[in-house]
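Enquirer: Contents of my_file24.cif (mmCIF, C-alpha atoms and all ligand atoms) are below:
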```cif
data_work
#
loop_
_atom_site.label_atom_id
_atom_site.label_comp_id
_atom_site.auth_asym_id
_atom_site.auth_seq_id
_atom_site.Cartn_x
_atom_site.Cartn_y
_atom_site.Cartn_z
CA MET A 1 10.55 2.07 -16.97
CA MET A 2 7.94 2.71 -14.32
CA LYS A 3 7.12 -0.02 -11.81
CA LEU A 4 3.54 -1.22 -11.82
CA THR A 5 2.19 -2.04 -8.36
CA PHE A 6 -1.11 -3.00 -6.75
CA ARG A 7 -2.47 -2.17 -3.33
CA TRP A 8 -2.99 -5.15 -1.05
CA TYR A 9 -4.61 -4.99 2.38
CA GLY A 10 -2.88 -8.04 3.81
CA LYS A 11 -4.26 -11.41 4.85
CA ASP A 12 -7.80 -10.09 5.33
CA ASP A 13 -7.95 -8.85 1.76
CA LYS A 14 -10.30 -10.88 -0.47
CA VAL A 15 -7.89 -10.13 -3.28
CA THR A 16 -5.01 -12.57 -2.91
CA LEU A 17 -1.35 -12.26 -3.73
CA ASP A 18 -1.87 -15.01 -6.31
CA ASN A 19 -4.55 -12.88 -7.95
CA ILE A 20 -2.22 -9.91 -8.03
CA ARG A 21 0.71 -11.92 -9.36
CA GLN A 22 -1.34 -12.95 -12.38
CA ILE A 23 -2.12 -9.41 -13.50
CA PRO A 24 0.14 -8.80 -16.50
CA GLY A 25 3.19 -6.68 -15.78
CA MET A 26 2.70 -6.49 -12.04
CA THR A 27 6.01 -6.02 -10.23
CA GLY A 28 5.08 -5.31 -6.65
CA VAL A 29 2.60 -4.86 -3.89
CA VAL A 30 1.84 -1.72 -1.94
CA SER A 31 0.82 -2.56 1.60
CA ALA A 32 1.08 -1.68 5.28
CA ILE A 33 0.92 -3.13 8.77
CA TYR A 34 -2.74 -2.80 9.63
CA ASP A 35 -2.98 -4.12 13.16
CA ILE A 36 -0.78 -1.64 15.00
CA PRO A 37 -2.58 1.46 16.31
CA VAL A 38 -1.84 4.76 14.60
CA GLY A 39 1.26 6.36 16.05
CA GLU A 40 2.87 3.19 17.43
CA ILE A 41 6.02 1.49 16.18
CA TRP A 42 5.71 -1.27 13.57
CA PRO A 43 7.91 -4.10 14.88
CA LEU A 44 10.65 -5.06 12.45
CA ALA A 45 9.66 -8.74 12.75
CA LYS A 46 6.15 -7.97 11.51
CA ILE A 47 7.50 -5.96 8.59
CA GLN A 48 9.88 -8.78 7.68
CA LEU A 49 7.04 -11.32 7.76
CA LEU A 50 4.93 -9.20 5.44
CA LYS A 51 7.88 -8.80 3.11
CA GLN A 52 8.56 -12.54 3.06
CA GLU A 53 4.98 -13.36 2.25
CA ILE A 54 4.92 -10.90 -0.62
CA GLN A 55 8.29 -12.01 -1.95
CA GLN A 56 7.20 -15.64 -1.86
CA HIS A 57 4.71 -14.63 -4.51
CA ASN A 58 7.46 -13.14 -6.65
CA LEU A 59 6.30 -9.63 -5.95
CA GLU A 60 8.38 -6.76 -4.61
CA PHE A 61 7.70 -4.99 -1.35
CA GLU A 62 9.11 -1.49 -1.81
CA VAL A 63 6.19 0.86 -1.19
CA ILE A 64 4.21 1.44 1.98
CA GLU A 65 0.77 3.00 1.81
CA SER A 66 0.53 4.39 4.41
CA VAL A 67 2.34 5.04 7.63
CA PRO A 68 -0.46 7.13 9.14
CA VAL A 69 0.37 10.35 10.95
CA HIS A 70 -1.02 10.55 14.47
CA GLU A 71 -3.64 13.24 15.02
CA ASP A 72 -1.52 14.83 17.78
CA ILE A 73 1.11 15.64 15.16
CA LYS A 74 -1.46 17.26 12.88
CA LEU A 75 -2.87 19.17 15.83
CA GLY A 76 0.58 20.21 17.04
CA LEU A 77 -0.02 18.96 20.58
CA PRO A 78 2.87 18.64 23.06
CA THR A 79 2.56 14.86 22.80
CA ARG A 80 3.54 15.03 19.13
CA ASP A 81 7.24 14.52 19.82
CA LYS A 82 6.65 11.02 21.08
CA TYR A 83 4.70 10.15 17.94
CA ILE A 84 7.32 11.78 15.73
CA ASN A 85 10.00 9.67 17.40
CA ASN A 86 7.91 6.59 16.66
CA TYR A 87 7.49 7.73 13.06
CA GLN A 88 11.25 8.10 12.72
CA GLN A 89 11.69 4.60 14.06
CA ASN A 90 9.16 3.29 11.55
CA ILE A 91 11.16 4.88 8.76
CA VAL A 92 14.32 3.19 10.04
CA ASN A 93 12.60 -0.20 10.37
CA LEU A 94 11.02 0.00 6.93
CA ALA A 95 14.34 0.98 5.36
CA GLN A 96 15.91 -2.02 6.98
CA ALA A 97 13.34 -4.22 5.27
CA GLY A 98 14.20 -2.71 1.89
CA VAL A 99 11.28 -0.30 1.54
CA LYS A 100 11.97 2.65 -0.79
CA VAL A 101 8.87 4.83 -0.67
CA ILE A 102 6.49 5.70 2.16
CA CYS A 103 3.15 7.24 1.27
CA TYR A 104 1.37 9.27 3.96
CA ASN A 105 -1.17 12.03 4.18
CA PHE A 106 -1.86 15.03 6.36
CA MET A 107 -5.64 15.08 6.20
CA PRO A 108 -7.17 15.88 9.57
CA VAL A 109 -9.32 13.02 10.96
CA PHE A 110 -10.90 11.92 7.71
CA ASP A 111 -8.92 10.27 5.01
CA TRP A 112 -10.72 9.92 1.70
CA THR A 113 -14.37 10.74 1.99
CA ARG A 114 -17.40 9.81 -0.11
CA SER A 115 -21.17 10.17 0.26
CA SER A 116 -21.86 6.68 -1.08
CA LEU A 117 -19.70 3.60 -1.45
CA ALA A 118 -21.86 1.77 -3.94
CA LYS A 119 -23.85 3.98 -6.24
CA PRO A 120 -25.36 1.92 -9.07
CA LEU A 121 -24.22 3.13 -12.48
CA PRO A 122 -26.19 2.63 -15.71
CA ASP A 123 -24.00 -0.33 -16.73
CA GLY A 124 -24.88 -2.25 -13.56
CA SER A 125 -21.58 -1.64 -11.80
CA THR A 126 -21.36 0.30 -8.56
CA ALA A 127 -18.95 3.08 -7.74
CA LEU A 128 -17.85 5.44 -5.02
CA VAL A 129 -19.35 8.88 -5.34
CA TYR A 130 -19.14 12.24 -3.62
CA GLU A 131 -22.25 14.37 -3.79
CA LYS A 132 -21.76 17.68 -2.06
CA ASN A 133 -25.42 18.07 -1.07
CA ILE A 134 -25.40 14.74 0.72
CA VAL A 135 -22.06 15.40 2.40
CA ALA A 136 -23.45 18.73 3.62
CA GLN A 137 -26.12 16.82 5.51
CA MET A 138 -23.79 14.27 7.06
CA ASP A 139 -22.92 14.60 10.72
CA PRO A 140 -19.59 12.95 11.49
CA ALA A 141 -20.03 13.44 15.22
CA SER A 142 -23.22 11.36 15.29
CA GLY A 143 -21.25 8.14 15.53
CA SER A 144 -23.25 6.29 12.91
CA LEU A 145 -21.27 7.39 9.90
CA ALA A 146 -19.03 4.82 8.21
CA LEU A 147 -16.68 5.91 5.48
CA PRO A 148 -14.07 3.81 3.72
CA GLY A 149 -10.88 5.65 4.44
CA TRP A 150 -11.49 6.17 8.09
CA ASP A 151 -8.90 5.28 10.56
CA ALA A 152 -10.44 2.39 12.45
CA SER A 153 -8.99 3.63 15.71
CA TYR A 154 -11.87 6.07 16.14
CA GLY A 155 -14.59 3.86 17.52
CA GLU A 156 -18.29 4.69 17.28
CA GLY A 157 -18.85 8.05 18.86
CA GLY A 158 -15.13 8.57 19.31
CA LEU A 159 -15.01 11.32 16.75
CA GLY A 160 -16.74 14.03 18.76
CA PRO A 161 -13.73 14.90 20.94
CA VAL A 162 -11.31 14.82 18.01
CA LEU A 163 -13.50 17.13 15.97
CA GLU A 164 -13.71 19.43 18.97
CA GLN A 165 -9.91 19.63 19.06
CA TYR A 166 -9.87 20.85 15.47
CA LYS A 167 -12.36 23.66 16.11
CA ASN A 168 -9.72 26.36 16.25
CA VAL A 169 -7.17 24.84 13.91
CA THR A 170 -6.64 26.94 10.79
CA ALA A 171 -5.08 25.94 7.51
CA GLU A 172 -1.99 27.90 8.48
CA ASN A 173 -1.77 25.98 11.77
CA LEU A 174 -1.85 22.76 9.78
CA TRP A 175 0.99 24.03 7.58
CA GLN A 176 3.04 24.87 10.67
CA ASN A 177 2.43 21.43 12.12
CA LEU A 178 3.29 19.76 8.84
CA THR A 179 6.50 21.81 8.67
CA TYR A 180 7.49 20.73 12.17
CA PHE A 181 6.83 17.11 11.21
CA LEU A 182 8.76 17.26 7.93
CA LYS A 183 11.77 18.96 9.49
CA ALA A 184 11.94 16.07 11.93
CA ILE A 185 11.37 13.14 9.61
CA ILE A 186 12.83 14.05 6.21
CA PRO A 187 16.46 14.02 7.40
CA VAL A 188 15.89 10.54 8.85
CA ALA A 189 14.29 9.38 5.62
CA ALA A 190 17.16 10.87 3.57
CA GLN A 191 19.73 9.17 5.75
CA HIS A 192 18.04 5.81 5.15
CA ASP A 193 17.36 6.30 1.46
CA ILE A 194 13.59 6.44 1.89
CA ARG A 195 11.48 8.76 -0.23
CA MET A 196 8.49 10.20 1.57
CA ALA A 197 5.50 10.76 -0.70
CA ILE A 198 2.61 12.83 0.63
CA HIS A 199 -0.80 11.92 -0.73
CA PRO A 200 -3.00 14.89 -1.65
CA ASP A 201 -6.24 15.48 0.17
CA ASP A 202 -9.21 13.59 -1.20
CA PRO A 203 -11.33 15.48 -1.99
CA PRO A 204 -9.04 18.51 -2.16
CA TRP A 205 -11.22 20.93 -0.20
CA PRO A 206 -12.19 21.36 3.46
CA ILE A 207 -14.84 18.97 4.71
CA PHE A 208 -17.05 19.11 7.80
CA GLY A 209 -15.63 22.53 8.58
CA ILE A 210 -12.07 21.25 9.00
CA PRO A 211 -9.34 22.66 6.77
CA ARG A 212 -7.38 20.63 4.24
CA ILE A 213 -4.14 21.94 2.80
CA ILE A 214 -2.68 19.57 0.18
CA THR A 215 -5.15 20.60 -2.45
CA ASN A 216 -3.53 22.24 -5.48
CA ARG A 217 -0.37 23.20 -7.35
CA ASP A 218 0.68 25.94 -4.95
CA ALA A 219 0.28 23.60 -1.99
CA LEU A 220 2.45 20.94 -3.64
CA ASP A 221 5.05 23.57 -4.42
CA ARG A 222 5.00 24.87 -0.86
CA LEU A 223 5.29 21.33 0.46
CA VAL A 224 8.35 20.34 -1.56
CA ASN A 225 10.07 23.57 -0.57
CA ILE A 226 9.62 23.11 3.16
CA VAL A 227 12.58 20.75 3.21
CA ASP A 228 14.68 20.66 0.07
CA SER A 229 15.52 16.99 -0.23
CA PRO A 230 14.91 14.19 -2.73
CA SER A 231 13.26 12.42 0.19
CA ASN A 232 10.54 15.07 0.41
CA GLY A 233 8.20 14.22 -2.44
CA LEU A 234 4.73 13.39 -3.61
CA THR A 235 2.20 10.71 -4.29
CA LEU A 236 0.50 12.35 -7.23
CA CYS A 237 -3.05 11.04 -7.22
CA SER A 238 -5.02 11.91 -10.34
CA GLY A 239 -8.37 11.03 -8.84
CA SER A 240 -7.85 13.14 -5.71
CA LEU A 241 -6.55 16.37 -7.20
CA GLY A 242 -8.43 15.87 -10.46
CA VAL A 243 -11.90 16.33 -8.98
CA ALA A 244 -11.24 20.06 -8.73
CA SER A 245 -11.51 21.40 -12.28
CA THR A 246 -8.97 24.08 -11.34
CA ASN A 247 -6.29 21.40 -10.98
CA ASP A 248 -4.62 20.57 -14.28
CA MET A 249 -3.30 17.05 -13.72
CA VAL A 250 -1.16 16.98 -16.85
CA ALA A 251 0.53 20.24 -15.89
CA LEU A 252 1.12 18.94 -12.35
CA VAL A 253 2.77 15.77 -13.61
CA LYS A 254 4.96 17.81 -15.95
CA GLU A 255 6.02 20.32 -13.32
CA PHE A 256 6.66 18.01 -10.41
CA GLY A 257 7.80 15.13 -12.59
CA ALA A 258 10.49 17.34 -14.11
CA LYS A 259 11.65 18.21 -10.60
CA LYS A 260 11.81 14.48 -9.73
CA LYS A 261 9.36 15.02 -6.92
CA VAL A 262 6.84 12.35 -7.87
CA HIS A 263 7.78 9.11 -6.14
CA PHE A 264 4.45 7.36 -6.48
CA ALA A 265 1.70 7.78 -9.07
CA HIS A 266 -1.94 6.89 -8.43
CA ILE A 267 -3.90 6.60 -11.65
CA ARG A 268 -7.67 6.89 -11.42
CA ASN A 269 -10.36 8.54 -13.46
CA ILE A 270 -13.32 10.45 -12.07
CA LYS A 271 -16.26 12.24 -13.59
CA ILE A 272 -17.03 15.70 -12.25
CA THR A 273 -20.83 15.66 -12.15
CA GLU A 274 -21.08 19.28 -10.99
CA GLU A 275 -18.47 21.52 -9.37
CA GLY A 276 -17.79 19.92 -5.99
CA SER A 277 -19.37 16.54 -6.80
CA PHE A 278 -17.97 13.55 -8.62
CA GLU A 279 -18.29 9.86 -9.42
CA GLU A 280 -15.44 7.40 -9.70
CA THR A 281 -15.35 5.76 -13.10
CA ALA A 282 -13.47 3.13 -15.07
CA HIS A 283 -9.89 4.18 -15.83
CA LEU A 284 -10.62 4.71 -19.54
CA SER A 285 -10.33 8.40 -20.48
CA SER A 286 -13.71 8.52 -22.18
CA ALA A 287 -15.38 7.20 -19.01
CA GLY A 288 -14.50 10.26 -16.97
CA SER A 289 -13.25 13.83 -16.90
CA LEU A 290 -9.51 13.10 -16.98
CA ASP A 291 -7.35 12.40 -20.01
CA ILE A 292 -5.44 9.40 -18.72
CA VAL A 293 -3.37 9.09 -21.90
CA ALA A 294 -2.18 12.68 -21.55
CA ILE A 295 -1.39 12.11 -17.86
CA LEU A 296 0.63 8.97 -18.58
CA LYS A 297 2.36 10.63 -21.50
CA ALA A 298 3.43 13.43 -19.16
CA TYR A 299 4.91 10.82 -16.81
CA TYR A 300 6.60 9.11 -19.71
CA ASP A 301 8.05 12.34 -21.08
CA THR A 302 9.53 13.28 -17.71
CA GLY A 303 11.35 9.94 -17.65
CA PHE A 304 9.30 8.62 -14.74
CA THR A 305 10.85 5.50 -13.24
CA GLY A 306 8.88 5.48 -10.00
CA TYR A 307 6.04 3.35 -8.72
CA ILE A 308 2.62 3.58 -10.27
CA ARG A 309 -0.61 1.88 -9.38
CA PRO A 310 -4.14 1.70 -10.65
CA ASP A 311 -6.34 3.33 -8.06
CA HIS A 312 -9.93 2.66 -7.07
CA GLY A 313 -12.08 0.50 -9.27
CA ARG A 314 -15.81 0.11 -9.57
CA MET A 315 -17.39 -3.15 -8.44
CA ILE A 316 -18.05 -5.14 -11.60
CA TRP A 317 -18.94 -8.71 -12.57
CA GLY A 318 -20.74 -9.28 -9.26
CA GLU A 319 -17.63 -8.84 -7.17
CA THR A 320 -18.09 -7.87 -3.54
CA GLY A 321 -15.41 -6.58 -1.25
CA ARG A 322 -13.63 -3.52 0.01
CA PRO A 323 -15.14 -0.45 -1.68
CA GLY A 324 -12.81 0.81 -4.39
CA TYR A 325 -10.41 -2.08 -3.89
CA GLY A 326 -11.86 -5.08 -5.67
CA LEU A 327 -9.76 -7.10 -8.08
CA TYR A 328 -11.46 -6.86 -11.45
CA ASP A 329 -11.79 -3.20 -12.26
CA ARG A 330 -8.39 -2.39 -10.81
CA ALA A 331 -6.86 -5.19 -12.88
CA LEU A 332 -8.51 -3.69 -15.95
CA GLY A 333 -7.01 -0.37 -14.90
CA ALA A 334 -3.58 -1.99 -14.67
CA THR A 335 -3.92 -3.46 -18.12
CA TYR A 336 -5.03 -0.11 -19.49
CA ILE A 337 -1.98 1.57 -17.93
CA ASN A 338 0.26 -1.12 -19.43
CA GLY A 339 -1.29 -0.65 -22.84
CA ILE A 340 -0.77 3.08 -22.84
CA TRP A 341 2.77 2.78 -21.49
CA GLU A 342 3.76 0.17 -24.03
CA THR A 343 2.39 2.35 -26.81
CA LEU A 344 4.34 5.33 -25.54
CA GLU A 345 7.51 3.27 -25.39
CA LYS A 346 7.09 1.87 -28.85
CA LEU A 347 6.14 5.16 -30.46
CA GLY A 348 8.79 7.10 -28.57
CA GLY A 349 8.38 9.90 -26.05
CA GLU A 350 8.22 12.89 -28.31
CA GLN A 351 5.56 11.63 -30.65
CA SER A 352 2.02 12.57 -29.87
CA CYS A 353 -0.36 9.70 -29.59
C1 LIG B 401 -7.60 5.88 -0.93
C2 LIG B 401 -6.20 6.12 -0.75
C3 LIG B 401 -5.89 6.92 0.48
C4 LIG B 401 -4.42 6.91 0.70
C5 LIG B 401 -3.99 7.68 1.88
C6 LIG B 401 -2.52 7.85 1.84
O1 LIG B 401 -7.98 4.98 -1.58
O2 LIG B 401 -5.64 6.68 -1.87
O3 LIG B 401 -6.54 6.36 1.57
O4 LIG B 401 -3.98 5.62 0.90
O5 LIG B 401 -4.60 8.91 1.92
O6 LIG B 401 -2.05 8.20 3.08
#
```
What is this file in structure tokens?
Expert:
Amino acid sequence: MMKLTFRWYGKDDKVTLDNIRQIPGMTGVVSAIYDIPVGEIWPLAKIQLLKQEIQQHNLEFEVIESVPVHEDIKLGLPTRDKYINNYQQNIVNLAQAGVKVICYNFMPVFDWTRSSLAKPLPDGSTALVYEKNIVAQMDPASGSLALPGWDASYGEGGLGPVLEQYKNVTAENLWQNLTYFLKAIIPVAAQHDIRMAIHPDDPPWPIFGIPRIITNRDALDRLVNIVDSPSNGLTLCSGSLGVASTNDMVALVKEFGAKKKVHFAHIRNIKITEEGSFEETAHLSSAGSLDIVAILKAYYDTGFTGYIRPDHGRMIWGETGRPGYGLYDRALGATYINGIWETLEKLGGEQSC
């Protein structure tokens, strides 16, 4: 049985733990410590407090999304060793608090990127969209750009110098720096029974002239082979990889699921509006370009027992809040996942449905 979870941004989140608890089938919360700068150590006491609060709501605290990777590690600067030591300590502290999976990503500077956070859709909802023509005109160094996934530690105007540092960084450099990082942290994770789960790049192509490497099947394969350990695995995010029509999500789940490399599943649907542009949609298969039933069936057939969560939702029913992370549409997504999973269980894995 998979474990259904929900992302929660802590006390500042408009979505409460009570809200989450009432979603049918919810077993746990995916969260993080948000008020410690990237690269620093998360004090054990803070982690324990977060855990207590979540457990008081009868929810489990076993997945972290994310422990961010400091830019100096991605850039391969001499200062990286200090940040890698801190990362190792975070793994140890989180293990001590009972955490099982740590999600992270290796996207330079920008985490997930969109051209609009609230595009009105014909049904009156709003959604996150990525239109390549608009992104092409955006200037991240201007200081006025605000995107949802950005690491808040780059203040206004603070991006210019960081972007400058990436000028000569190639995709192969990023791979080397990721390799250095993994060789240092995976043994620590393995020793403490933590499974690291890299999140693919979203979108899975270079943006603003900076390379991105976790973008397709070959990249995932290369990643898991850098260090051969059950602790070196994936967050397989359907909405991130799935926006490239060359990525076959069902095949990816089958391949990496069979190898027991998927520790965390993000389920989201998207509609490819043209190659390189997309809109986020409701989870329902017919709403977007992905066959969510086929994706979940692939998880089911590989005997997936990991953590799964509905991913971004649209804003519906007048809800306002953190783009992509309101309550209602994600809760509908959770219920949809439950419905499909229950059907698969009742009909049995080998039957088509
Ligand atoms: C977006 C998320 C990402 C993800 C990180 C993982 O909604 O899926 O921001 O949390 O990339 O490190």
Enquirer: Hey, can you check how far atom CA of A:Ile186 sits from atom CA of A:Val92?
Expert: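 One can read the atom CA of A:Ile186 to atom CA of A:Val92 distance as 11.6 Å.
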Enquirer: What lies within 9 Å of A:Val262 using only C-alpha atoms, ignoring chain neighbours under 2 positions off, as a ChimeraX atom specification?
Expert: /A:197,233-236,253,256-260,264-265,304,306
Enquirer: When the cut-off is 10 Å and you count all atoms listed in the file, which residues lie near ligand LIG 401 (chain B), shown as number ranges by chain?
Expert: A: 7, 30-32, 64-69, 102-107, 110-113, 148-151, 197-202, 235-240, 266-268, 311-313, 323-325
Enquirer: With all atoms listed in the file as the basis for distance, which of A:Met2, A:Tyr180, A:Leu347, A:Ile41 is at the shortest distance from A:Tyr299?
Expert: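 Closest residue, counting all atoms listed in the file: A:Met2.
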Enquirer: Could you tell me how far atom CA of A:Asn177 lies from atom CA of A:Arg309, in Å and to one decimal?
Expert: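 Those two atoms sit 29.2 Å apart.
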Enquirer: Nearest residue to A:Tyr300 out of A:Lys254, A:Lys132, A:Arg114, A:Lys183, using all atoms listed in the file?
Expert: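 Closest to A:Tyr300, using all atoms listed in the file: A:Lys254.
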